[in-house]
$ cat input37.tsv   # TSV, C-alpha atoms
chain	number	residue	atom	x	y	z
A	1	MET	CA	24.34	59.13	24.93
A	2	LYS	CA	26.33	57.70	22.04
A	3	LYS	CA	26.89	54.45	23.92
A	4	LYS	CA	23.16	54.16	24.67
A	5	ARG	CA	22.36	54.68	21.00
A	6	ILE	CA	24.80	51.94	20.01
A	7	ILE	CA	23.18	49.53	22.49
A	8	ILE	CA	19.70	50.31	21.10
A	9	ILE	CA	20.87	49.82	17.52
A	10	SER	CA	22.52	46.51	18.46
A	11	ALA	CA	19.34	45.30	20.14
A	12	VAL	CA	17.25	46.17	17.06
A	13	THR	CA	19.76	44.34	14.86
A	14	VAL	CA	19.48	41.21	17.00
A	15	VAL	CA	15.66	41.33	16.85
A	16	ILE	CA	15.70	41.68	13.07
A	17	ALA	CA	18.17	38.79	12.79
A	18	VAL	CA	15.92	36.58	14.93
A	19	ILE	CA	12.87	37.47	12.82
A	20	ILE	CA	14.75	36.59	9.64
A	21	VAL	CA	15.91	33.23	11.05
A	22	VAL	CA	12.39	32.35	12.22
A	23	ALA	CA	10.88	33.39	8.89
A	24	MET	CA	13.40	31.31	6.96
A	25	LYS	CA	12.74	28.29	9.16
A	26	TYR	CA	8.99	28.79	8.81
A	27	ARG	CA	9.26	28.97	5.02
A	28	LYS	CA	11.54	25.93	4.94
A	29	ASN	CA	8.99	23.93	6.94
A	30	HIS	CA	6.27	24.98	4.52
A	31	ARG	CA	8.46	23.79	1.66
A	32	GLN	CA	8.97	20.40	3.33
A	33	ILE	CA	5.23	20.00	3.90
A	34	ILE	CA	4.26	20.76	0.30
A	35	ASP	CA	7.12	18.77	-1.20
A	36	ASN	CA	6.01	16.82	-4.29
A	37	ASN	CA	2.87	19.01	-4.41
A	38	LYS	CA	1.13	16.97	-1.70
A	39	LEU	CA	-0.49	17.80	1.62
A	40	ASP	CA	-0.95	14.24	2.84
A	41	ASN	CA	0.83	14.83	6.14
A	42	VAL	CA	-1.22	17.80	7.31
A	43	TRP	CA	-4.54	18.07	9.14
A	44	ILE	CA	-7.70	19.79	7.95
A	45	THR	CA	-10.74	21.07	9.82
A	46	GLN	CA	-14.11	19.50	9.03
A	47	PHE	CA	-17.25	21.60	8.87
A	48	TYR	CA	-19.33	21.34	12.02
A	49	LYS	CA	-22.48	22.88	13.45
A	50	PHE	CA	-21.93	26.47	14.51
A	51	GLU	CA	-23.99	27.37	17.54
A	52	SER	CA	-24.78	30.94	16.50
A	53	VAL	CA	-25.79	30.47	12.85
A	54	ASP	CA	-26.50	27.69	10.36
A	55	LEU	CA	-24.39	28.67	7.37
A	56	LEU	CA	-25.94	25.97	5.15
A	57	ASP	CA	-29.51	27.03	5.82
A	58	GLU	CA	-31.40	28.81	3.05
A	59	SER	CA	-32.23	31.70	5.39
A	60	TYR	CA	-28.53	32.59	5.64
A	61	ASN	CA	-28.59	33.36	1.90
A	62	PHE	CA	-25.07	32.44	0.90
A	63	GLU	CA	-26.16	32.82	-2.74
A	64	ARG	CA	-26.45	36.57	-2.21
A	65	ILE	CA	-23.20	36.71	-0.25
A	66	TYR	CA	-21.30	34.86	-3.00
A	67	GLU	CA	-22.85	36.89	-5.80
A	68	SER	CA	-22.41	40.32	-4.21
A	69	GLY	CA	-18.74	39.60	-3.48
A	70	SER	CA	-17.89	38.36	-6.98
A	71	ASN	CA	-17.23	40.09	-10.29
A	72	TYR	CA	-17.18	36.76	-12.11
A	73	ILE	CA	-19.44	33.72	-11.82
A	74	LEU	CA	-18.20	30.91	-14.05
A	75	LYS	CA	-18.69	27.28	-14.85
A	76	ILE	CA	-15.21	25.90	-15.42
A	77	LYS	CA	-13.62	22.53	-16.06
A	78	CYS	CA	-10.48	21.93	-14.03
A	79	THR	CA	-7.53	21.31	-16.35
A	80	LYS	CA	-4.57	20.72	-14.02
A	81	ASP	CA	-3.70	19.56	-10.55
A	82	THR	CA	-3.51	22.25	-7.89
A	83	LYS	CA	-0.11	23.88	-7.47
A	84	PHE	CA	1.04	24.70	-3.94
A	85	ASP	CA	3.69	27.24	-3.11
A	86	TYR	CA	4.57	29.32	-0.08
A	87	GLN	CA	1.12	30.23	1.31
A	88	THR	CA	-0.41	30.17	-2.17
A	89	CYS	CA	-2.72	27.72	-3.85
A	90	THR	CA	-3.12	27.98	-7.63
A	91	GLU	CA	-5.86	26.20	-9.56
A	92	TYR	CA	-6.44	25.93	-13.29
A	93	GLY	CA	-9.56	25.74	-15.44
A	94	GLN	CA	-11.19	26.30	-18.80
A	95	VAL	CA	-14.29	28.50	-18.96
A	96	GLU	CA	-17.40	26.62	-20.09
A	97	LYS	CA	-20.12	29.13	-19.15
A	98	ILE	CA	-20.13	32.75	-18.01
A	99	PHE	CA	-22.99	33.82	-15.72
A	100	LYS	CA	-21.30	37.08	-14.71
A	101	GLY	CA	-18.18	38.68	-16.17
A	102	ASP	CA	-16.45	41.70	-17.63
A	103	GLY	CA	-17.11	41.06	-21.31
A	104	GLU	CA	-13.45	40.26	-21.97
A	105	LEU	CA	-13.37	36.71	-20.63
A	106	LYS	CA	-14.77	34.25	-23.18
A	107	GLU	CA	-15.99	30.66	-23.14
A	108	GLY	CA	-13.08	28.40	-23.96
A	109	ASP	CA	-10.52	30.67	-22.27
A	110	ASN	CA	-8.08	29.09	-19.86
A	111	ILE	CA	-7.82	30.82	-16.50
A	112	VAL	CA	-5.52	30.67	-13.50
A	113	MET	CA	-7.17	31.03	-10.10
A	114	ASP	CA	-5.73	31.89	-6.71
A	115	ARG	CA	-7.68	30.59	-3.71
A	116	SER	CA	-7.21	33.42	-1.20
A	117	GLY	CA	-8.86	31.43	1.61
A	118	TYR	CA	-6.06	28.86	1.52
A	119	HIS	CA	-3.55	28.97	4.34
A	120	LEU	CA	-1.01	26.51	5.68
A	121	PHE	CA	-0.21	26.62	9.39
A	122	THR	CA	2.85	24.87	10.73
A	123	GLU	CA	3.32	23.84	14.32
A	124	GLU	CA	6.11	26.42	14.60
A	125	SER	CA	3.67	29.22	13.80
A	126	GLY	CA	1.90	28.65	17.12
A	127	VAL	CA	-1.53	28.66	15.42
A	128	ALA	CA	-1.95	24.93	14.86
A	129	VAL	CA	-0.55	23.68	18.16
A	130	GLY	CA	0.88	20.17	17.91
A	131	ILE	CA	-0.03	19.71	14.24
A	132	ASP	CA	0.54	21.12	10.76
A	133	ALA	CA	-2.85	22.20	9.40
A	134	VAL	CA	-4.35	23.61	6.22
A	135	SER	CA	-7.38	25.86	5.76
A	136	THR	CA	-9.42	25.44	2.55
A	137	GLY	CA	-12.87	26.76	3.42
A	138	PHE	CA	-14.14	23.19	3.98
A	139	VAL	CA	-14.00	22.51	0.22
A	140	ASN	CA	-11.33	20.33	-1.35
A	141	PHE	CA	-9.04	21.38	-4.17
A	142	MET	CA	-10.33	21.07	-7.72
A	143	LYS	CA	-9.71	17.82	-9.55
A	144	PRO	CA	-8.77	17.66	-13.27
A	145	GLY	CA	-11.73	16.79	-15.51
A	146	ARG	CA	-14.41	17.87	-13.04
A	147	GLU	CA	-16.69	20.85	-13.57
A	148	TYR	CA	-17.23	23.58	-10.98
A	149	LEU	CA	-19.27	26.70	-10.43
A	150	VAL	CA	-16.78	29.26	-9.09
A	151	PHE	CA	-17.36	32.74	-7.71
A	152	ILE	CA	-14.37	34.97	-8.43
A	153	LYS	CA	-13.77	38.26	-6.68
A	154	GLU	CA	-11.51	39.97	-9.19
A	155	LYS	CA	-8.92	39.73	-11.93
A	156	VAL	CA	-5.41	40.64	-10.83
A	157	GLU	CA	-2.92	41.89	-13.41
A	158	SER	CA	0.69	41.50	-12.33
A	159	GLU	CA	4.05	42.15	-13.95
A	160	LEU	CA	5.26	38.93	-12.33
A	161	TYR	CA	3.26	36.83	-14.80
A	162	ASP	CA	2.42	37.05	-18.49
A	163	TYR	CA	-1.17	36.06	-17.68
A	164	ASP	CA	-3.99	37.28	-15.43
A	165	VAL	CA	-4.77	35.64	-12.11
A	166	TYR	CA	-8.38	35.43	-10.90
A	167	THR	CA	-8.87	35.55	-7.13
A	168	ILE	CA	-11.38	33.27	-5.42
A	169	GLU	CA	-12.47	35.05	-2.23
A	170	GLY	CA	-11.91	33.37	1.11
A	171	PHE	CA	-15.48	33.00	2.35
A	172	THR	CA	-16.16	30.74	5.35
A	173	ILE	CA	-17.33	28.11	2.87
A	174	ALA	CA	-15.22	28.33	-0.29
A	175	PRO	CA	-17.34	29.40	-3.31
A	176	ILE	CA	-16.27	26.42	-5.40
A	177	LEU	CA	-19.14	24.03	-6.12
A	178	CYS	CA	-18.57	20.79	-8.00
A	179	TYR	CA	-21.28	19.85	-10.52
A	180	GLU	CA	-20.77	16.20	-9.60
A	181	ASP	CA	-21.70	14.72	-6.21
A	182	ILE	CA	-18.75	12.80	-4.77
A	183	ASP	CA	-18.81	10.11	-2.09
A	184	ASN	CA	-17.14	11.72	0.91
A	185	VAL	CA	-15.30	9.97	3.72
A	186	ILE	CA	-16.92	11.04	6.98
A	187	VAL	CA	-14.59	10.94	9.98
A	188	PRO	CA	-16.30	11.23	13.41
A	189	LYS	CA	-14.98	14.01	15.62
A	190	LYS	CA	-11.95	12.95	17.66
A	191	ARG	CA	-10.34	16.31	18.40
A	192	SER	CA	-11.71	19.46	19.98
A	193	ASP	CA	-10.55	21.46	16.95
A	194	HIS	CA	-12.54	19.19	14.57
A	195	ALA	CA	-9.36	18.36	12.62
A	196	VAL	CA	-8.68	15.14	10.72
A	197	SER	CA	-5.72	13.89	8.74
A	198	TYR	CA	-5.94	15.12	5.15
A	199	GLU	CA	-4.69	11.72	4.02
A	200	LEU	CA	-8.02	10.20	5.11
A	201	VAL	CA	-10.20	12.68	3.23
A	202	LYS	CA	-8.01	13.79	0.31
A	203	ASP	CA	-10.45	12.41	-2.29
A	204	ASN	CA	-13.47	14.18	-0.75
A	205	GLU	CA	-15.40	16.95	-2.43
A	206	VAL	CA	-16.01	18.64	0.91
A	207	PHE	CA	-15.04	18.10	4.53
A	208	MET	CA	-18.17	17.49	6.61
A	209	GLU	CA	-18.15	16.07	10.12
A	210	THR	CA	-21.43	14.12	9.85
A	211	GLU	CA	-23.61	12.55	7.15
A	212	GLU	CA	-26.35	14.99	8.12
A	213	LEU	CA	-24.07	17.93	7.34
A	214	GLU	CA	-23.01	16.30	4.09
A	215	LYS	CA	-26.68	16.11	3.01
A	216	GLU	CA	-27.23	19.73	4.05
A	217	TYR	CA	-24.21	20.77	2.00
A	218	TYR	CA	-25.52	19.01	-1.11
A	219	ASP	CA	-28.90	20.74	-0.69
A	220	PHE	CA	-26.96	24.00	-0.29
A	221	LYS	CA	-24.90	23.29	-3.42
A	222	TYR	CA	-27.93	22.31	-5.50
A	223	ARG	CA	-29.74	25.49	-4.47
A	224	ILE	CA	-26.87	27.74	-5.51
A	225	ILE	CA	-25.93	26.08	-8.81
A	226	SER	CA	-29.61	25.88	-9.78
A	227	LYS	CA	-30.01	29.62	-9.28
A	228	PHE	CA	-27.37	30.42	-11.90
A	229	ASP	CA	-27.37	27.42	-14.23
A	230	GLU	CA	-30.79	26.64	-15.70
A	231	GLU	CA	-29.48	23.58	-17.55
A	232	TYR	CA	-28.23	22.09	-14.28
A	233	ARG	CA	-31.54	22.83	-12.57
A	234	LYS	CA	-33.59	21.15	-15.30
A	235	SER	CA	-31.35	18.07	-15.28
A	236	HIS	CA	-32.00	17.63	-11.55
A	237	GLU	CA	-35.78	18.14	-11.56
$ encode --input "input37.tsv" --output "structure tokens"
Amino acid sequence: MKKKRIIIISAVTVVIAVIIVVAMKYRKNHRQIIDNNKLDNVWITQFYKFESVDLLDESYNFERIYESGSNYILKIKCTKDTKFDYQTCTEYGQVEKIFKGDGELKEGDNIVMDRSGYHLFTEESGVAVGIDAVSTGFVNFMKPGREYLVFIKEKVESELYDYDVYTIEGFTIAPILCYEDIDNVIVPKKRSDHAVSYELVKDNEVFMETEELEKEYYDFKYRIISKFDEEYRKSHE
């Protein structure tokens, strides 16, 4: 009985050791990919037509979905480049307008935002087979100097930092809407998984597979920003 117990314990020890080695290798690969704070060598999925539902259509009512899932709705100006770490994506902004909040956050405050929908998959993970891929909710990272309407789920207080972190929920389409319309590079579908090299589209506002979808997204964006920001709506009438 004692011998059998020793064998079981040894087997468990080996399994744990293997898990640790794999995890360390996985983390190391992530570090290599995000070296120099860039994602140029990864792939990203473009938005494409879903057969079951048209997420960009007004009838789907993403405005309500964003609003009901957010405790803060803010117009912010991005102040720094995005910071990438192990499975985290941190973005920085200054509050310009508050459409929904807790009464404590003020215009002019600087905030740190965590994009919870961000995830980096390496080939070793078995999820992105044959490629290293990143998930961003079809919306690119914020660019310094540009203004965005952001829907934030909650404020997270942590002893790890001497500041609060505001979490942007990971909706199918990231709730980060740029006030400026950017010319996007449209790359025709070449893979069954709708992925393209991030290097080709890194300056995009959004990742759309066709010009038709790009137009639908801008109609979608205009509709949502106009609902909350009267000044924006009037300037586009």
$ residues_around --input "input37.tsv" --residues "His236 of chain A" --least-positions-apart "4" --cutoff "12 Å" --atoms "only C-alpha atoms" --output "ChimeraX atom specification"
/A:179-181,219,222-223,225-226,229-232
$ atom_distance --input "input37.tsv" --atom1 "atom CA of Thr82 of chain A" --atom2 "atom CA of Arg115 of chain A"
10.2 Å
$ residues_around --input "input37.tsv" --residues "Asp164 of chain A" --least-positions-apart "4" --cutoff "10 Å" --atoms "all atoms listed in the file" --output "VMD selection string"
chain A and resid 111 to 113 155 to 160
$ residues_around --input "input37.tsv" --residues "Val150 of chain A" --least-positions-apart "6" --cutoff "6 Å" --atoms "all atoms listed in the file" --output "ChimeraX atom specification"
/A:73-74,175-176
$ write_last_selection --input "input37.tsv" --atoms "C-alpha atoms" --output "compact mmCIF listing (two decimals), keeping the file's coordinate frame"
# COMPACT_ATOMS: atom_id res chain seq x y z
CA ILE A 73 -19.44 33.72 -11.82
CA LEU A 74 -18.20 30.91 -14.05
CA PRO A 175 -17.34 29.40 -3.31
CA ILE A 176 -16.27 26.42 -5.40
$ residues_near_point --input "input37.tsv" --point "(-15.5, 7.1, -5.6)" --cutoff "12 Å" --atoms "all atoms listed in the file" --output "list in words"
Glu180, Asp181, Ile182, Asp183, Asn184, Val185, Val201, Lys202, Asp203, Asn204 and Glu205 of chain A
$ closest_atom_pairs --input "input37.tsv" --of "segment 133-217 of chain A" --to "segment 94-101 of chain A" --cutoff "10 Å" --atoms "all atoms listed in the file" --output "tab-separated table"
residue	atom	partner	partner_atom	distance
A:Glu147	CA	A:Glu96	CA	8.7
A:Tyr148	CA	A:Glu96	CA	9.6
A:Leu149	CA	A:Lys97	CA	9.1
A:Phe151	CA	A:Lys100	CA	9.1
A:Ile152	CA	A:Gly101	CA	9.4
A:Glu154	CA	A:Gly101	CA	9.7
$ write_last_selection --input "input37.tsv" --atoms "C-alpha atoms" --output "PDB file, keeping the file's coordinate frame"
ATOM      1  CA  GLU A 147     -16.690  20.850 -13.570  1.00  0.00           C
ATOM      2  CA  TYR A 148     -17.230  23.580 -10.980  1.00  0.00           C
ATOM      3  CA  LEU A 149     -19.270  26.700 -10.430  1.00  0.00           C
ATOM      4  CA  PHE A 151     -17.360  32.740  -7.710  1.00  0.00           C
ATOM      5  CA  ILE A 152     -14.370  34.970  -8.430  1.00  0.00           C
ATOM      6  CA  GLU A 154     -11.510  39.970  -9.190  1.00  0.00           C
TER       7      GLU A 154
END
$ atom_distance --input "input37.tsv" --atom1 "atom CA of Ile76 of chain A" --atom2 "atom CA of Thr45 of chain A"
26.1 Å
$ atom_distance --input "input37.tsv" --atom1 "atom CA of Ser68 of chain A" --atom2 "atom CA of Gly103 of chain A"
17.9 Å
$ closest_residue --input "input37.tsv" --among "A:Gly108, A:Leu55, A:Met208, A:Ser116" --to "Lys75 of chain A" --atoms "only C-alpha atoms"
A:Gly108
